Amino acid sequence: MTFLQQLIIAIVQGITEFLPISSSGHLILIPYVTDFPDQGPLIDVAVHIGSLLAIILYFRKDVMGLARGGFAAVGLGNDPAQRRLFWYILAGTIPAVALGLFLKLGGYLESFRTTELVAVNLIVYGVLLGLADRFGKQVKSYEDMTLRDAVLVGLAQALALIPGTSRSGSTMTAARALGYKRAESARFSFLLAIPAVAGAGLLAALDLAEASVAMQMDAVVTGVLTFLAAIATMMFLMSFLQRASLMVFVIYRVLLGVALLLLF
């Protein structure tokens, strides 16, 4: 991979991972609109790890709270509120981990890398996002999470393993439908992503260990660049959601999906 390809992939991932417009879908499209070869699923996971580190840094206070909850869950400390949130986040992670293992071990992931599937998912889940944002109440915060909400948003997160769906888009759709405020939906979504993406990273580490030195360097460089782009994007999105709706992302998804169906 050239540095230009690494930079483009990192910018695309860093922006689209946190905006509800499907990072995996955009990564798949890069080879179709450039002369670059398909970067492959290994690089896709590497850039997701860069995004994960950005989440941990940006939401470091919440992450520290969840860490305290984890320690309290095994009897080290006493923080019932954080312990409850820790177990809920863990429960919400199970659907994505289970489906991810099934798809990876069954060798199904490559079959999803088609522009037609990306286009259809961009449109369908874009419309659902618009409906949830239009009619969902804005009364709940991350601290109001219940086990039911965590599992429902976790099931939505599992859908994002199919390119074009968008992990942040599907989870924010579910959270908005359940009555979470826009910024709180994003916060809930990003914190729920930590264990799921970390799990995917562990699986990818096994593949990366067997990859060539050049591929390993490509993954590291692209992941670092993604981390930088992701931090900037997250700061923008959390500020944007304090004062605007998600409709701009809905329109973008639908227009992009239609364009892909017409052009490819």
# chains A, B, ... in the order shown; residues from 1 in each chain; ligands from 1
>>> closest_atom_pairs(of="stretch 3-37 of chain A", to="stretch 218-227 of chain A", cutoff="7 Å", atoms="only C-alpha atoms", output="tab-separated table")
residue	atom	partner	partner_atom	distance
A:Gln6	CA	A:Thr222	CA	5.2
A:Leu7	CA	A:Leu225	CA	6.7
A:Ala10	CA	A:Thr226	CA	4.2
A:Ile11	CA	A:Thr226	CA	6.2
A:Gln13	CA	A:Thr226	CA	6.4
A:Gly14	CA	A:Thr226	CA	5.0
>>> residues_around(residues="stretch 102-118 of chain A", least_positions_apart="4", cutoff="8 Å", atoms="only C-alpha atoms", output="list in words")
Gly25, Ile28, Leu29, Pro41, Ala98, Leu122, Ile162, Pro163, Gly164, Thr165, Gly257, Leu260, Leu261 and Phe264 of chain A
>>> select_by_dssp(residues="stretch 20-264 of chain A", states="helix (DSSP H, G or I)", output="PyMOL selection string")
chain A and resi 23-33+40-58+60-73+80-105+109-112+115-135+142-144+147-159+167-177+182-210+213-240+247-263
>>> residues_around(residues="A:Trp87", least_positions_apart="5", cutoff="10 Å", atoms="only C-alpha atoms", output="ChimeraX atom specification")
/A:66,69-70,73,82,92-93,147,150
>>> atom_distance(atom1="atom CA of A:Phe249", atom2="atom CA of A:Leu27")
17.3 Å
>>> residues_around(residues="A:Lys181", least_positions_apart="5", cutoff="12 Å", atoms="only C-alpha atoms", output="list in words")
Ala132, Asp133, Arg134, Phe135, Gly136, Lys137, Gln138, Val139, Lys140, Ser141, Tyr142, Glu143, Asp144, Met172, Thr173, Ala174, Ala175, Arg176, Ala186, Arg187, Phe188, Ser189, Met238, Leu241, Gln242, Arg243, Ala244, Ser245 and Leu246 of chain A
>>> residues_around(residues="A:Ile55", least_positions_apart="6", cutoff="12 Å", atoms="only C-alpha atoms", output="ChimeraX atom specification")
/A:14,17-18,48-49,61-63,186-195,197-198,226-235,238
>>> closest_residue(among="A:Val153, A:Ala211, A:Met217, A:Gln5", to="A:Ile30", atoms="only C-alpha atoms")
A:Gln5
>>> closest_residue(among="A:Leu237, A:Val124, A:Ile251, A:Ile9", to="A:Ser168", atoms="only C-alpha atoms")
A:Leu237
>>> decode(residues="stretch 13-26 of chain A", atoms="all heavy atoms", output="short mmCIF file (atom, residue, chain, number, x, y, z; two decimals), in the first residue's frame")
data_model
loop_
_atom_site.label_atom_id
_atom_site.label_comp_id
_atom_site.auth_asym_id
_atom_site.auth_seq_id
_atom_site.Cartn_x
_atom_site.Cartn_y
_atom_site.Cartn_z
N GLN A 13 -12.27 6.19 6.99
CA GLN A 13 -12.67 5.45 8.19
C GLN A 13 -12.88 6.38 9.37
O GLN A 13 -13.88 6.27 10.09
CB GLN A 13 -11.62 4.41 8.53
CG GLN A 13 -11.74 3.81 9.93
CD GLN A 13 -13.00 3.00 10.12
OE1 GLN A 13 -13.59 2.56 9.14
NE2 GLN A 13 -13.41 2.79 11.35
N GLY A 14 -11.95 7.29 9.59
CA GLY A 14 -12.03 8.18 10.73
C GLY A 14 -13.28 9.04 10.72
O GLY A 14 -13.85 9.34 11.78
N ILE A 15 -13.73 9.41 9.53
CA ILE A 15 -14.95 10.22 9.41
C ILE A 15 -16.20 9.36 9.47
O ILE A 15 -17.13 9.63 10.23
CB ILE A 15 -14.92 11.04 8.10
CG1 ILE A 15 -13.80 12.09 8.16
CG2 ILE A 15 -16.26 11.70 7.85
CD1 ILE A 15 -13.61 12.86 6.87
N THR A 16 -16.22 8.30 8.67
CA THR A 16 -17.46 7.53 8.52
C THR A 16 -17.75 6.57 9.66
O THR A 16 -18.89 6.14 9.81
CB THR A 16 -17.45 6.74 7.20
OG1 THR A 16 -16.33 5.85 7.19
CG2 THR A 16 -17.34 7.69 6.01
N GLU A 17 -16.75 6.22 10.47
CA GLU A 17 -17.00 5.34 11.61
C GLU A 17 -17.94 5.99 12.61
O GLU A 17 -18.79 5.32 13.22
CB GLU A 17 -15.69 4.96 12.30
CG GLU A 17 -15.86 4.21 13.62
CD GLU A 17 -16.45 2.82 13.46
OE1 GLU A 17 -16.47 2.29 12.33
OE2 GLU A 17 -16.90 2.26 14.48
N PHE A 18 -17.83 7.29 12.79
CA PHE A 18 -18.61 7.97 13.82
C PHE A 18 -19.82 8.69 13.27
O PHE A 18 -20.78 8.94 14.00
CB PHE A 18 -17.70 8.93 14.59
CG PHE A 18 -16.56 8.20 15.25
CD1 PHE A 18 -15.27 8.32 14.76
CD2 PHE A 18 -16.79 7.37 16.32
CE1 PHE A 18 -14.23 7.62 15.34
CE2 PHE A 18 -15.75 6.66 16.91
CZ PHE A 18 -14.47 6.79 16.42
N LEU A 19 -19.81 9.04 12.00
CA LEU A 19 -21.01 9.55 11.38
C LEU A 19 -21.86 8.34 10.97
O LEU A 19 -21.32 7.33 10.53
CB LEU A 19 -20.67 10.41 10.15
CG LEU A 19 -19.73 11.59 10.39
CD1 LEU A 19 -19.56 12.39 9.10
CD2 LEU A 19 -20.23 12.48 11.52
N PRO A 20 -23.17 8.41 11.09
CA PRO A 20 -24.03 7.24 10.83
C PRO A 20 -24.23 6.97 9.34
O PRO A 20 -25.36 6.92 8.83
CB PRO A 20 -25.34 7.62 11.52
CG PRO A 20 -25.38 9.11 11.43
CD PRO A 20 -23.95 9.56 11.61
N ILE A 21 -23.11 6.77 8.61
CA ILE A 21 -23.21 6.61 7.16
C ILE A 21 -22.46 5.38 6.66
O ILE A 21 -22.29 5.21 5.46
CB ILE A 21 -22.69 7.86 6.43
CG1 ILE A 21 -21.26 8.19 6.88
CG2 ILE A 21 -23.61 9.05 6.68
CD1 ILE A 21 -20.64 9.39 6.17
N SER A 22 -22.00 4.51 7.57
CA SER A 22 -21.37 3.22 7.25
C SER A 22 -19.92 3.34 6.83
O SER A 22 -19.60 3.64 5.68
CB SER A 22 -22.14 2.45 6.17
OG SER A 22 -21.48 1.23 5.88
N SER A 23 -19.02 3.07 7.77
CA SER A 23 -17.59 3.08 7.46
C SER A 23 -17.21 1.90 6.58
O SER A 23 -16.47 2.06 5.60
CB SER A 23 -16.78 3.05 8.76
OG SER A 23 -17.06 1.87 9.50
N SER A 24 -17.71 0.70 6.90
CA SER A 24 -17.35 -0.48 6.11
C SER A 24 -17.84 -0.34 4.68
O SER A 24 -17.16 -0.74 3.73
CB SER A 24 -17.94 -1.75 6.74
OG SER A 24 -19.35 -1.66 6.85
N GLY A 25 -19.03 0.26 4.51
CA GLY A 25 -19.54 0.48 3.16
C GLY A 25 -18.65 1.41 2.36
O GLY A 25 -18.37 1.16 1.19
N HIS A 26 -18.17 2.48 2.97
CA HIS A 26 -17.30 3.42 2.27
C HIS A 26 -15.93 2.81 1.99
O HIS A 26 -15.33 3.07 0.94
CB HIS A 26 -17.15 4.70 3.09
CG HIS A 26 -18.32 5.64 2.98
ND1 HIS A 26 -19.51 5.41 3.63
CD2 HIS A 26 -18.49 6.79 2.27
CE1 HIS A 26 -20.36 6.39 3.35
NE2 HIS A 26 -19.76 7.23 2.53
#
